[in-house]
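Undergrad: Contents of model.cif (mmCIF, C-alpha atoms) are given next:
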```
data_entry
loop_
_atom_site.label_atom_id
_atom_site.label_comp_id
_atom_site.auth_asym_id
_atom_site.auth_seq_id
_atom_site.Cartn_x
_atom_site.Cartn_y
_atom_site.Cartn_z
CA MET X 1211 96.09 161.51 132.25
CA THR X 1212 97.44 159.97 129.06
CA PRO X 1213 97.72 162.58 126.29
CA ALA X 1214 95.34 162.20 123.35
CA PHE X 1215 97.94 163.10 120.71
CA HIS X 1216 101.28 161.39 120.06
CA THR X 1217 103.99 162.16 117.51
CA TYR X 1218 106.60 159.73 116.21
CA ASP X 1219 108.99 159.44 113.32
CA VAL X 1220 107.84 155.89 112.52
CA ALA X 1221 104.61 154.11 113.40
CA ILE X 1222 104.38 150.37 112.81
CA ILE X 1223 101.00 148.68 112.45
CA GLY X 1224 101.44 145.21 113.92
CA GLY X 1225 103.84 143.85 116.52
CA GLY X 1226 104.58 140.36 115.23
CA ALA X 1227 107.92 139.12 113.93
CA SER X 1228 108.26 141.55 111.01
CA GLY X 1229 106.88 144.48 113.00
CA LEU X 1230 109.35 143.98 115.85
CA ALA X 1231 112.23 143.60 113.40
CA ALA X 1232 111.15 146.79 111.64
CA ALA X 1233 110.93 148.72 114.91
CA ILE X 1234 114.36 147.61 116.08
CA ALA X 1235 115.89 148.42 112.67
CA ALA X 1236 114.31 151.89 112.55
CA ALA X 1237 115.30 153.06 116.04
CA PRO X 1238 119.14 153.05 115.78
CA VAL X 1239 119.09 155.83 113.17
CA GLY X 1240 117.60 158.11 115.81
CA ALA X 1241 113.95 157.72 114.89
CA SER X 1242 111.24 157.72 117.53
CA VAL X 1243 109.17 154.59 116.99
CA CYS X 1244 105.87 153.17 118.15
CA ILE X 1245 104.18 149.83 117.51
CA ILE X 1246 100.39 149.71 117.29
CA GLU X 1247 99.38 146.15 118.21
CA ARG X 1248 95.83 144.80 118.50
CA ASP X 1249 96.67 141.98 120.92
CA VAL X 1250 97.56 142.36 124.59
CA ALA X 1251 101.29 142.11 123.87
CA CYS X 1252 103.74 142.18 121.00
CA GLY X 1253 105.41 139.11 119.59
CA LEU X 1254 102.88 136.53 120.75
CA PRO X 1255 102.69 134.65 117.40
CA ILE X 1256 106.43 133.98 117.71
CA LEU X 1257 105.77 131.69 120.68
CA ALA X 1258 103.98 129.16 118.46
CA THR X 1259 106.58 128.99 115.70
CA GLY X 1260 108.67 125.88 115.15
CA ASN X 1261 106.57 123.89 117.65
CA GLY X 1262 107.67 126.29 120.35
CA ARG X 1263 111.34 126.24 119.32
CA CYS X 1264 111.18 129.09 116.76
CA ASN X 1265 112.88 128.06 113.55
CA LEU X 1266 114.40 131.50 112.86
CA SER X 1267 115.54 130.77 109.33
CA ASN X 1268 116.69 128.12 106.95
CA SER X 1269 120.48 127.97 106.77
CA ARG X 1270 120.29 128.07 102.97
CA LEU X 1271 117.74 130.67 101.92
CA ALA X 1272 116.98 129.67 98.34
CA PRO X 1273 114.76 132.25 96.56
CA ALA X 1274 113.23 129.41 94.54
CA ARG X 1275 111.44 128.32 97.72
CA TYR X 1276 109.32 131.50 97.59
CA HIS X 1277 106.12 132.21 95.69
CA HIS X 1278 107.66 135.36 94.18
CA GLU X 1279 111.25 134.31 93.54
CA ALA X 1280 112.53 137.62 92.15
CA ALA X 1281 111.15 139.56 95.11
CA ALA X 1282 112.70 137.09 97.53
CA ARG X 1283 116.07 137.41 95.81
CA ALA X 1284 115.93 141.22 96.03
CA VAL X 1285 114.92 141.40 99.70
CA LEU X 1286 116.84 138.45 101.13
CA GLY X 1287 120.05 139.46 99.36
CA HIS X 1288 123.24 137.41 99.47
CA ARG X 1289 123.57 135.12 102.49
CA GLY X 1290 120.44 136.46 104.13
CA GLU X 1291 120.66 133.67 106.70
CA ASP X 1292 123.94 135.18 107.97
CA ARG X 1293 122.30 138.60 108.29
CA ILE X 1294 119.57 137.05 110.42
CA ALA X 1295 122.09 135.34 112.69
CA ASP X 1296 124.02 138.62 113.03
CA PHE X 1297 120.82 140.56 113.76
CA PHE X 1298 119.93 138.28 116.65
CA GLN X 1299 123.48 138.08 117.92
CA GLN X 1300 123.41 141.87 118.28
CA LEU X 1301 120.25 141.43 120.37
CA GLY X 1302 122.06 138.97 122.63
CA LEU X 1303 120.52 135.80 121.20
CA LEU X 1304 122.87 132.93 120.37
CA THR X 1305 121.81 130.62 117.55
CA CYS X 1306 122.61 127.11 116.39
CA GLU X 1307 122.04 125.11 113.22
CA ILE X 1308 120.06 121.87 113.29
CA GLU X 1309 119.38 119.99 110.05
CA GLU X 1310 119.96 123.11 107.93
CA ARG X 1311 117.68 125.24 110.10
CA LEU X 1312 118.59 128.10 112.42
CA TYR X 1313 117.27 127.98 116.00
CA PRO X 1314 117.92 129.87 119.23
CA VAL X 1315 120.53 127.94 121.18
CA THR X 1316 117.95 127.53 123.98
CA LYS X 1317 115.53 125.83 121.51
CA ARG X 1318 112.81 127.99 123.04
CA ALA X 1319 110.69 130.51 121.14
CA GLU X 1320 110.24 132.70 124.21
CA SER X 1321 113.99 133.39 124.14
CA VAL X 1322 113.53 135.00 120.73
CA ARG X 1323 110.57 137.08 121.84
CA ASP X 1324 112.27 138.09 125.09
CA CYS X 1325 115.34 139.39 123.22
CA LEU X 1326 113.20 141.32 120.74
CA LEU X 1327 111.12 142.95 123.49
CA ALA X 1328 114.23 143.75 125.53
CA ALA X 1329 115.71 145.50 122.48
CA CYS X 1330 112.51 147.52 122.09
CA LYS X 1331 112.75 148.58 125.72
CA ARG X 1332 116.42 149.57 125.42
CA GLN X 1333 115.68 151.65 122.33
CA GLY X 1334 112.67 153.40 123.83
CA ILE X 1335 110.17 151.96 121.36
CA ASP X 1336 106.59 152.54 122.49
CA GLN X 1337 104.32 149.49 122.38
CA ARG X 1338 100.69 150.55 122.16
CA CYS X 1339 99.04 147.18 122.82
CA GLY X 1340 95.33 146.51 122.65
CA ALA X 1341 95.11 149.33 120.10
CA HIS X 1342 92.93 149.25 116.98
CA LEU X 1343 93.58 151.47 113.95
CA THR X 1344 90.37 153.16 112.78
CA HIS X 1345 91.49 155.89 110.35
CA ALA X 1346 94.56 156.89 108.32
CA VAL X 1347 95.19 159.97 106.19
CA ARG X 1348 98.28 161.68 104.76
CA THR X 1349 98.46 165.43 105.42
CA ASP X 1350 101.36 167.88 105.25
CA SER X 1351 103.98 165.19 104.61
CA ARG X 1352 102.89 163.19 107.65
CA TRP X 1353 100.53 160.35 108.39
CA HIS X 1354 97.68 161.06 110.77
CA LEU X 1355 96.36 157.88 112.41
CA GLU X 1356 93.32 157.48 114.64
CA ILE X 1357 93.33 154.58 117.08
CA GLU X 1358 91.12 153.15 119.80
CA GLU X 1359 92.94 151.76 122.79
CA PRO X 1360 92.24 150.97 126.48
CA ASP X 1361 92.02 153.97 128.75
CA ARG X 1362 94.81 152.39 130.77
CA PRO X 1363 97.67 150.33 129.30
CA ARG X 1364 97.22 146.58 129.81
CA ARG X 1365 100.43 145.22 128.36
CA ILE X 1366 101.55 142.00 130.01
CA GLU X 1367 105.16 141.27 130.86
CA PRO X 1368 107.20 138.79 128.78
CA ALA X 1369 107.67 136.53 131.79
CA ASP X 1370 103.91 136.03 132.13
CA SER X 1371 102.82 134.83 128.71
CA SER X 1372 101.23 131.56 129.79
CA ARG X 1373 97.90 130.63 128.26
CA PRO X 1374 95.93 131.39 131.46
CA ALA X 1375 97.64 134.78 131.72
CA LEU X 1376 96.85 135.57 128.09
CA ARG X 1377 93.22 134.55 128.53
CA ARG X 1378 92.91 136.83 131.55
CA ALA X 1379 94.59 139.71 129.74
CA ARG X 1380 92.42 139.32 126.64
CA LYS X 1381 89.28 139.13 128.77
CA ALA X 1382 90.32 142.31 130.56
CA LEU X 1383 91.01 143.98 127.20
CA ALA X 1384 87.58 143.01 125.89
CA GLU X 1385 85.99 144.56 128.98
CA SER X 1386 88.10 147.74 128.90
CA ASP X 1387 86.77 151.19 128.20
CA LEU X 1388 88.31 152.41 124.95
CA VAL X 1389 89.42 155.95 124.20
CA HIS X 1390 90.21 157.64 120.90
CA ARG X 1391 93.76 158.87 120.42
CA SER X 1392 95.74 160.31 117.53
CA VAL X 1393 99.16 159.23 116.32
CA ASP X 1394 101.16 161.29 113.83
CA ALA X 1395 104.18 159.83 112.05
CA SER X 1396 106.43 160.73 109.15
CA ALA X 1397 106.48 157.10 108.03
CA VAL X 1398 104.16 154.15 108.58
CA ILE X 1399 105.04 150.48 108.17
CA ILE X 1400 102.25 147.96 107.65
CA ALA X 1401 103.24 144.73 109.42
CA THR X 1402 99.84 143.23 110.10
CA GLY X 1403 100.61 139.64 109.17
CA GLY X 1404 98.20 137.51 107.19
CA ARG X 1405 95.09 139.52 108.02
CA SER X 1406 95.75 142.83 106.27
CA ALA X 1407 92.53 143.47 104.32
CA ASP X 1408 91.01 145.98 106.78
CA VAL X 1409 94.23 147.97 107.15
CA CYS X 1410 94.76 148.02 103.39
CA ALA X 1411 91.25 149.44 103.01
CA LEU X 1412 92.05 152.24 105.46
CA PHE X 1413 95.11 153.23 103.43
CA GLY X 1414 93.40 152.70 100.06
CA LEU X 1415 95.88 149.99 99.06
CA PRO X 1416 95.41 147.10 96.63
CA HIS X 1417 94.92 143.77 98.33
CA ASN X 1418 94.89 140.19 97.09
CA GLU X 1419 92.43 137.97 98.91
CA GLU X 1420 94.18 135.91 101.57
CA GLN X 1421 94.07 132.14 101.64
CA PRO X 1422 95.61 129.87 104.27
CA LEU X 1423 98.64 127.81 103.27
CA LEU X 1424 101.04 125.38 104.90
CA CYS X 1425 98.11 123.46 106.30
CA PRO X 1426 96.65 119.94 105.96
CA ILE X 1427 95.23 118.74 102.65
CA GLU X 1428 91.71 117.39 102.40
CA ALA X 1429 91.92 114.38 100.10
CA ALA X 1430 90.36 111.00 99.43
CA LEU X 1431 92.22 107.74 99.00
CA THR X 1432 91.45 106.23 95.61
CA ALA X 1433 90.49 102.68 94.72
CA ALA X 1434 92.40 100.55 92.21
CA ASP X 1435 90.28 101.93 89.37
CA GLY X 1436 91.09 105.51 90.39
CA THR X 1437 87.73 106.21 92.03
CA ALA X 1438 87.95 108.41 95.11
CA LEU X 1439 86.76 106.56 98.22
CA ALA X 1440 84.63 109.00 100.18
CA GLY X 1441 82.06 108.89 102.94
CA ASP X 1442 81.47 105.47 104.51
CA ALA X 1443 83.69 103.91 101.85
CA SER X 1444 86.73 105.91 102.94
CA PRO X 1445 89.42 103.86 104.69
CA LEU X 1446 91.06 106.97 106.14
CA PRO X 1447 89.20 106.96 109.49
CA SER X 1448 90.69 103.53 110.20
CA LEU X 1449 94.16 104.92 109.39
CA ASP X 1450 93.81 108.07 111.50
CA GLY X 1451 97.02 108.99 113.30
CA LEU X 1452 99.26 106.71 111.26
CA ARG X 1453 102.64 108.31 110.49
CA LEU X 1454 104.43 107.21 107.35
CA ASP X 1455 107.80 108.20 105.90
CA GLY X 1456 107.99 108.49 102.15
CA MET X 1457 107.93 110.66 99.06
CA LEU X 1458 104.87 112.62 97.97
CA ALA X 1459 104.41 113.43 94.28
CA LEU X 1460 101.84 116.05 93.28
CA LYS X 1461 100.39 115.26 89.85
CA ARG X 1462 98.24 117.40 87.60
CA ASN X 1463 96.82 115.97 84.38
CA GLY X 1464 99.04 112.94 84.86
CA ALA X 1465 102.32 114.88 85.12
CA ALA X 1466 104.30 115.32 88.35
CA ILE X 1467 104.70 119.02 89.21
CA ALA X 1468 106.18 118.86 92.72
CA TYR X 1469 107.79 116.42 95.13
CA GLU X 1470 108.16 116.47 98.91
CA ASP X 1471 109.73 113.86 101.14
CA GLY X 1472 109.36 113.37 104.86
CA GLU X 1473 106.78 112.24 107.37
CA VAL X 1474 103.12 112.08 106.32
CA LEU X 1475 100.35 111.94 108.91
CA LEU X 1476 97.13 110.25 107.80
CA ARG X 1477 93.95 111.86 109.10
CA PRO X 1478 90.24 111.11 108.52
CA TYR X 1479 90.06 114.08 106.14
CA GLY X 1480 93.30 113.45 104.22
CA ILE X 1481 96.98 114.07 104.94
CA SER X 1482 98.99 116.31 107.25
CA GLY X 1483 102.64 116.78 108.20
CA ILE X 1484 105.36 119.04 106.82
CA ALA X 1485 105.52 117.32 103.42
CA ALA X 1486 101.76 117.77 102.99
CA PHE X 1487 101.96 121.35 104.27
CA ASN X 1488 104.47 122.24 101.57
CA LEU X 1489 102.32 120.69 98.85
CA SER X 1490 99.33 122.68 100.15
CA ARG X 1491 100.97 125.75 98.55
CA ARG X 1492 100.75 124.13 95.12
CA CYS X 1493 97.82 121.70 95.04
CA ARG X 1494 94.42 122.26 93.46
CA PRO X 1495 91.16 120.31 93.65
CA LYS X 1496 91.22 117.19 91.45
CA ASP X 1497 95.03 116.98 91.58
CA ARG X 1498 96.43 113.58 92.54
CA ILE X 1499 99.01 112.99 95.27
CA GLU X 1500 100.95 109.73 95.20
CA LEU X 1501 102.69 108.52 98.34
CA ASP X 1502 105.72 106.31 97.71
CA LEU X 1503 106.54 104.40 100.91
CA PHE X 1504 109.75 102.90 99.48
CA PRO X 1505 111.27 105.62 97.28
CA ASP X 1506 114.74 104.04 97.44
CA LEU X 1507 113.53 100.78 95.87
CA THR X 1508 112.26 100.16 92.36
CA THR X 1509 108.93 98.41 92.02
CA ASP X 1510 110.67 95.30 90.66
CA ARG X 1511 113.15 95.23 93.56
CA LEU X 1512 110.37 95.67 96.13
CA ALA X 1513 108.35 92.89 94.49
CA ARG X 1514 111.36 90.55 94.69
CA ILE X 1515 111.82 91.37 98.38
CA LEU X 1516 108.18 90.56 99.08
CA HIS X 1517 108.35 87.30 97.16
CA GLU X 1518 111.59 86.28 98.89
CA ARG X 1519 109.96 87.08 102.23
CA GLN X 1520 107.75 84.03 101.76
CA ALA X 1521 110.76 81.81 102.40
CA HIS X 1522 111.02 83.27 105.91
CA VAL X 1523 107.44 83.88 107.06
CA GLY X 1524 105.50 81.51 104.84
CA PRO X 1525 103.41 81.92 101.69
CA TRP X 1526 101.17 84.94 101.22
CA THR X 1527 97.97 84.21 103.13
CA GLY X 1528 95.88 87.27 102.32
CA GLU X 1529 96.00 88.27 105.99
CA ALA X 1530 97.28 91.64 107.25
CA SER X 1531 99.48 89.83 109.77
CA TRP X 1532 101.68 88.59 106.90
CA PHE X 1533 103.08 92.15 106.68
CA ASP X 1534 104.12 92.28 110.36
CA GLY X 1535 107.59 93.81 110.48
CA VAL X 1536 107.09 95.58 107.16
CA LEU X 1537 103.93 97.64 107.51
CA ALA X 1538 101.99 99.01 110.44
CA ARG X 1539 98.97 96.78 111.04
CA PRO X 1540 96.31 99.40 110.11
CA LEU X 1541 98.01 100.05 106.77
CA ALA X 1542 98.58 96.32 106.25
CA ARG X 1543 94.84 95.70 106.56
CA TYR X 1544 94.11 98.34 103.92
CA ILE X 1545 96.77 97.01 101.54
CA ALA X 1546 95.66 93.40 102.01
CA GLN X 1547 92.11 94.32 101.02
CA GLY X 1548 93.43 95.78 97.76
CA LEU X 1549 95.15 92.53 96.80
CA ASP X 1550 92.07 90.31 96.70
CA GLY X 1551 91.59 88.58 93.38
CA HIS X 1552 95.00 89.37 91.90
CA ALA X 1553 96.93 86.56 90.25
CA ASP X 1554 100.23 87.98 91.57
CA PRO X 1555 99.23 89.80 94.77
CA LEU X 1556 102.76 90.57 95.96
CA THR X 1557 103.75 92.25 92.70
CA ARG X 1558 100.50 94.20 92.94
CA CYS X 1559 101.41 95.05 96.54
CA ALA X 1560 104.77 96.48 95.42
CA HIS X 1561 102.93 98.76 93.01
CA LEU X 1562 100.47 99.93 95.70
CA LEU X 1563 103.28 100.70 98.15
CA HIS X 1564 104.83 102.99 95.54
CA HIS X 1565 101.52 104.57 94.53
CA LEU X 1566 99.17 105.17 97.46
CA THR X 1567 97.03 107.69 95.62
CA PHE X 1568 94.91 110.54 96.99
CA GLU X 1569 92.59 112.84 95.08
CA VAL X 1570 92.82 116.43 96.35
CA ILE X 1571 89.61 118.08 97.52
CA GLY X 1572 91.22 121.23 98.92
CA THR X 1573 93.03 122.48 102.01
CA CYS X 1574 91.52 122.19 105.48
CA GLU X 1575 92.12 122.66 109.20
CA HIS X 1576 92.89 126.28 108.39
CA GLN X 1577 93.43 127.15 112.04
CA GLN X 1578 96.68 125.19 111.66
CA ALA X 1579 97.83 127.29 108.69
CA GLN X 1580 101.36 128.57 109.21
CA VAL X 1581 101.10 131.32 106.60
CA HIS X 1582 98.64 133.02 104.26
CA ARG X 1583 99.00 133.78 100.57
CA GLY X 1584 97.59 137.17 99.63
CA GLY X 1585 97.92 140.69 100.95
CA ILE X 1586 99.56 143.68 99.32
CA PRO X 1587 100.71 142.71 95.78
CA MET X 1588 104.48 142.56 95.42
CA ASP X 1589 104.33 144.76 92.32
CA SER X 1590 102.88 147.54 94.50
CA VAL X 1591 106.14 148.04 96.40
CA ASP X 1592 109.66 149.13 95.53
CA LEU X 1593 111.78 146.07 96.31
CA ALA X 1594 114.75 148.27 97.21
CA ASP X 1595 113.07 149.63 100.35
CA LEU X 1596 109.55 148.07 100.44
CA SER X 1597 107.88 151.45 100.11
CA LEU X 1598 104.47 151.62 98.42
CA HIS X 1599 104.63 153.09 94.92
CA ASP X 1600 101.54 155.26 95.26
CA ALA X 1601 101.71 156.32 98.92
CA SER X 1602 104.51 158.52 100.21
CA GLY X 1603 106.01 157.49 103.54
CA LEU X 1604 104.22 154.13 103.58
CA TYR X 1605 106.00 150.77 103.75
CA ALA X 1606 105.00 147.13 104.16
CA CYS X 1607 106.76 143.98 105.32
CA GLY X 1608 106.29 140.39 106.37
CA GLU X 1609 103.11 138.50 105.69
CA ALA X 1610 101.24 141.75 104.95
CA LEU X 1611 102.90 141.42 101.54
CA ASP X 1612 101.76 138.73 99.12
CA GLN X 1613 104.77 136.49 99.66
CA ASP X 1614 104.92 132.97 101.05
CA ALA X 1615 107.34 130.07 101.10
CA ASP X 1616 107.81 126.46 102.13
CA CYS X 1617 108.17 125.21 105.69
CA GLY X 1618 111.65 125.20 107.14
CA GLY X 1619 112.29 128.76 108.33
CA TYR X 1620 111.74 130.48 104.99
CA ASN X 1621 108.66 132.43 106.07
CA LEU X 1622 110.17 133.72 109.31
CA ALA X 1623 113.32 134.65 107.38
CA TRP X 1624 111.15 136.75 105.09
CA ALA X 1625 109.54 138.38 108.14
CA TRP X 1626 112.88 139.33 109.72
CA LEU X 1627 114.64 140.55 106.58
CA SER X 1628 111.68 142.39 105.05
CA GLY X 1629 111.03 144.01 108.44
CA ILE X 1630 114.66 145.10 108.73
CA CYS X 1631 114.59 146.45 105.17
CA ALA X 1632 111.42 148.49 105.71
CA GLY X 1633 112.52 149.65 109.17
CA GLU X 1634 115.96 150.86 108.12
CA HIS X 1635 114.60 152.87 105.20
CA ALA X 1636 111.57 154.26 107.03
CA GLY X 1637 113.74 155.30 109.95
CA ALA X 1638 116.26 157.01 107.68
CA VAL X 1639 113.77 159.01 105.59
CA SER X 1640 111.71 160.06 108.61
CA ARG X 1641 114.66 161.87 110.19
CA PRO X 1642 115.55 165.30 108.75
CA SER X 1643 119.15 165.69 107.62
CA TYR X 1644 121.15 168.74 108.63
#
```
Please, can you express the file's structure as structure tokens?
TA:
Amino acid sequence: MTPAFHTYDVAIIGGGASGLAAAIAAAPVGASVCIIERDVACGLPILATGNGRCNLSNSRLAPARYHHEAAARAVLGHRGEDRIADFFQQLGLLTCEIEERLYPVTKRAESVRDCLLAACKRQGIDQRCGAHLTHAVRTDSRWHLEIEEPDRPRRIEPADSSRPALRRARKALAESDLVHRSVDASAVIIATGGRSADVCALFGLPHNEEQPLLCPIEAALTAADGTALAGDASPLPSLDGLRLDGMLALKRNGAAIAYEDGEVLLRPYGISGIAAFNLSRRCRPKDRIELDLFPDLTTDRLARILHERQAHVGPWTGEASWFDGVLARPLARYIAQGLDGHADPLTRCAHLLHHLTFEVIGTCEHQQAQVHRGGIPMDSVDLADLSLHDASGLYACGEALDQDADCGGYNLAWAWLSGICAGEHAGAVSRPSY
């Protein structure tokens, strides 16, 4: 029979990227560690990162890329990207750099998860999977936690993390009989990811409402007079799936406040792709986003190129086919419609190709969100060790804290390094010194 009471030096709520990093960092100082994870296994969100390749970090971790720059500078430290590479090398994972981003040399996210779970096994870290925290109280210099978990452990092995296997395991978990058990720990680390409201309530912690970020932007293409084209008038459904390279400029009250370059994916609801994801952290309803399809050419130069093109393919006819070889046909049809009635349509075309304008409605497709803004306010923690100011023996890391950053490995870097920071300090203070 499984005992109903368990004692550890460090208990970690959440077994995602930051929680696993915290556990591995806490154990080497001699601390006994457990992870309390709601899902059927730890580390499952890692499998979806970087389109299955797991972009571990950016190779140049600039604090300015983070929502709270000062906090990022304090936690990431100097050359944080090197510390991440060293951390994984010590776990047996080789890394490589591709376009200023750090990846496992296998280019497979499961390699990252496998190495993390293997380290947990070597260090004797308990993984209490399928467990739900129901109560937390601090008594006699220790945390007393109440959890509900399956009467029999149902953790799945790393080698069997396919979608069918996960569905079966989650179905079995949902049908399991749950039992109440107690966990006592000297220190607790909150590593719940972007859904921390319930856990914060249990610990009586402040919490900023979470909102999804790094997701598509709902927006309407605008007409020549600036009117947003919505409903049946929207041309976006006819452009669905079109991928365009260019520069996005986010404008508020007529002034540009942010730029992103890269691939933009047009969807019926607006725009997607990494460039749009990054702007989703900054945009507000009624903002304007201008897509420049030829950022390396001035409007005058582009107009000259279009006029000179007539010598090769014939005079401008008003037909979308005139743009063959320059624009994808669906976009050419939209552009051609906007040139009707202009005395100098090709000069007007050059302007449109520099200023495809969208009016922001909001963010959307939130199930695609790569990160959430919100959680425990950064001013509630000591940046030196990520301990909570008003709760002894309590720490937080990763997305449970109100910190977010751009795409490109910045958010996972925050997860690893904040987890290591919290884990090292929690493990050290939980062990008595003699």
Undergrad: Kindly assemble as a tab-separated table a list of the stretch 1326-1388 of chain X residues that lie within 12 Å of stretch 1256-1265 of chain X, each paired with its nearest atom pair and their distance in Å to one decimal, using all atoms listed in the file, sorted first by chain and then by ascending residue number.
TA:
```
residue	atom	partner	partner_atom	distance
X:Leu1326	CA	X:Ile1256	CA	10.4
X:Leu1327	CA	X:Ile1256	CA	11.7
X:Pro1368	CA	X:Leu1257	CA	10.9
X:Ser1371	CA	X:Leu1257	CA	9.1
X:Ser1372	CA	X:Leu1257	CA	10.2
X:Arg1373	CA	X:Leu1257	CA	11.0
```
Undergrad: Would you mind exporting the chosen residues as a compact mmCIF listing (two decimals), in the frame of the given file, restricted to C-alpha atoms?
TA:
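As written to disk, result.txt reads:
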```
# COMPACT_ATOMS: atom_id res chain seq x y z
CA LEU X 1326 113.20 141.32 120.74
CA LEU X 1327 111.12 142.95 123.49
CA PRO X 1368 107.20 138.79 128.78
CA SER X 1371 102.82 134.83 128.71
CA SER X 1372 101.23 131.56 129.79
CA ARG X 1373 97.90 130.63 128.26
```
Undergrad: Could you pull the residues within 7 Å of X:Leu1423, counting all atoms listed in the file, minus those fewer than 4 positions along the same chain, as a PyMOL selection string?
TA: chain X and resi 1490-1491+1579-1583
Undergrad: To verify the selection step, state as a compact mmCIF listing (two decimals) with C-alpha atoms, in the coordinates of the input which residues the PyMOL selection byres ((chain X and resi 1414) around 12) yields on this input.
TA:
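The result, written out as out13.txt:
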```
# COMPACT_ATOMS: atom_id res chain seq x y z
CA HIS X 1345 91.49 155.89 110.35
CA ALA X 1346 94.56 156.89 108.32
CA VAL X 1347 95.19 159.97 106.19
CA ARG X 1348 98.28 161.68 104.76
CA SER X 1406 95.75 142.83 106.27
CA ALA X 1407 92.53 143.47 104.32
CA ASP X 1408 91.01 145.98 106.78
CA VAL X 1409 94.23 147.97 107.15
CA CYS X 1410 94.76 148.02 103.39
CA ALA X 1411 91.25 149.44 103.01
CA LEU X 1412 92.05 152.24 105.46
CA PHE X 1413 95.11 153.23 103.43
CA LEU X 1415 95.88 149.99 99.06
CA PRO X 1416 95.41 147.10 96.63
CA HIS X 1417 94.92 143.77 98.33
CA ILE X 1586 99.56 143.68 99.32
CA LEU X 1598 104.47 151.62 98.42
CA ASP X 1600 101.54 155.26 95.26
CA ALA X 1601 101.71 156.32 98.92
CA LEU X 1604 104.22 154.13 103.58
```
Undergrad: So how far away is atom CA of X:Leu1449 from atom CA of X:Ile1515, in Å?
TA: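 Answer for the atom CA of X:Ile1515 to atom CA of X:Leu1449 separation: 24.8 Å.
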Undergrad: Find the residues near stretch 1288-1291 of chain X: any atom within 12 Å, counting all atoms listed in the file, skip ones fewer than 4 places away on the same chain, and give them as a PyMOL selection string.
TA: chain X and resi 1265-1273+1282-1284+1295-1298+1305-1307+1310-1313+1619-1620+1622-1628+1630-1631
Undergrad: With the file shown as input, list the residues that the PyMOL selection byres ((chain X and resi 1611-1616) around 7) selects, as a tab-separated table (two decimals) with C-alpha atoms, keeping the file's coordinate frame.
TA:
```tsv
chain	number	residue	atom	x	y	z
X	1275	ARG	CA	111.44	128.32	97.72
X	1276	TYR	CA	109.32	131.50	97.59
X	1277	HIS	CA	106.12	132.21	95.69
X	1278	HIS	CA	107.66	135.36	94.18
X	1488	ASN	CA	104.47	122.24	101.57
X	1581	VAL	CA	101.10	131.32	106.60
X	1583	ARG	CA	99.00	133.78	100.57
X	1584	GLY	CA	97.59	137.17	99.63
X	1585	GLY	CA	97.92	140.69	100.95
X	1586	ILE	CA	99.56	143.68	99.32
X	1587	PRO	CA	100.71	142.71	95.78
X	1588	MET	CA	104.48	142.56	95.42
X	1606	ALA	CA	105.00	147.13	104.16
X	1607	CYS	CA	106.76	143.98	105.32
X	1608	GLY	CA	106.29	140.39	106.37
X	1609	GLU	CA	103.11	138.50	105.69
X	1610	ALA	CA	101.24	141.75	104.95
X	1617	CYS	CA	108.17	125.21	105.69
X	1618	GLY	CA	111.65	125.20	107.14
X	1620	TYR	CA	111.74	130.48	104.99
X	1621	ASN	CA	108.66	132.43	106.07
```
Undergrad: Can you tell me, as a ChimeraX atom specification, what residues are no more than 9 Å from stretch 1462-1473 of chain X when counting all atoms listed in the file, ignoring any on the same chain fewer than 6 positions away?
TA: /X:1453-1456,1482-1486,1488-1489,1492-1494,1496-1499
Undergrad: What does the distance between atom CA of X:Ser1448 and atom CA of X:Leu1541 come to in Å, to one decimal place?
TA: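 Rounded to one decimal, the two atoms are 8.8 Å apart.
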Undergrad: Enter the distance from atom CA of X:His1390 to atom CA of X:Ser1242, in Å, rounded to one decimal.
TA: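 Straight-line distance from atom CA of X:His1390 to atom CA of X:Ser1242 works out to 21.3 Å.
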Undergrad: For stretch 1617-1637 of chain X of the block above, can you save C-alpha atoms as a PDB file, in the first residue's frame?
TA:
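The result, stored in decode.pdb:
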```
ATOM      1  CA  CYS X1617       9.750  33.984 -30.315  1.00  0.00           C
ATOM      2  CA  GLY X1618      13.188  32.556 -30.938  1.00  0.00           C
ATOM      3  CA  GLY X1619      14.083  30.593 -27.807  1.00  0.00           C
ATOM      4  CA  TYR X1620      13.744  33.469 -25.342  1.00  0.00           C
ATOM      5  CA  ASN X1621      10.804  31.989 -23.434  1.00  0.00           C
ATOM      6  CA  LEU X1622      12.343  28.537 -23.026  1.00  0.00           C
ATOM      7  CA  ALA X1623      15.601  30.191 -21.960  1.00  0.00           C
ATOM      8  CA  TRP X1624      13.651  31.962 -19.219  1.00  0.00           C
ATOM      9  CA  ALA X1625      12.111  28.631 -18.189  1.00  0.00           C
ATOM     10  CA  TRP X1626      15.477  26.868 -17.898  1.00  0.00           C
ATOM     11  CA  LEU X1627      17.396  29.645 -16.159  1.00  0.00           C
ATOM     12  CA  SER X1628      14.635  30.735 -13.780  1.00  0.00           C
ATOM     13  CA  GLY X1629      14.042  27.071 -12.913  1.00  0.00           C
ATOM     14  CA  ILE X1630      17.734  26.523 -12.223  1.00  0.00           C
ATOM     15  CA  CYS X1631      17.853  29.691 -10.103  1.00  0.00           C
ATOM     16  CA  ALA X1632      14.847  28.719  -7.985  1.00  0.00           C
ATOM     17  CA  GLY X1633      15.951  25.089  -7.720  1.00  0.00           C
ATOM     18  CA  GLU X1634      19.499  25.821  -6.598  1.00  0.00           C
ATOM     19  CA  HIS X1635      18.377  28.222  -3.875  1.00  0.00           C
ATOM     20  CA  ALA X1636      15.426  26.143  -2.688  1.00  0.00           C
ATOM     21  CA  GLY X1637      17.605  23.046  -2.509  1.00  0.00           C
TER      22      GLY X1637
END
```
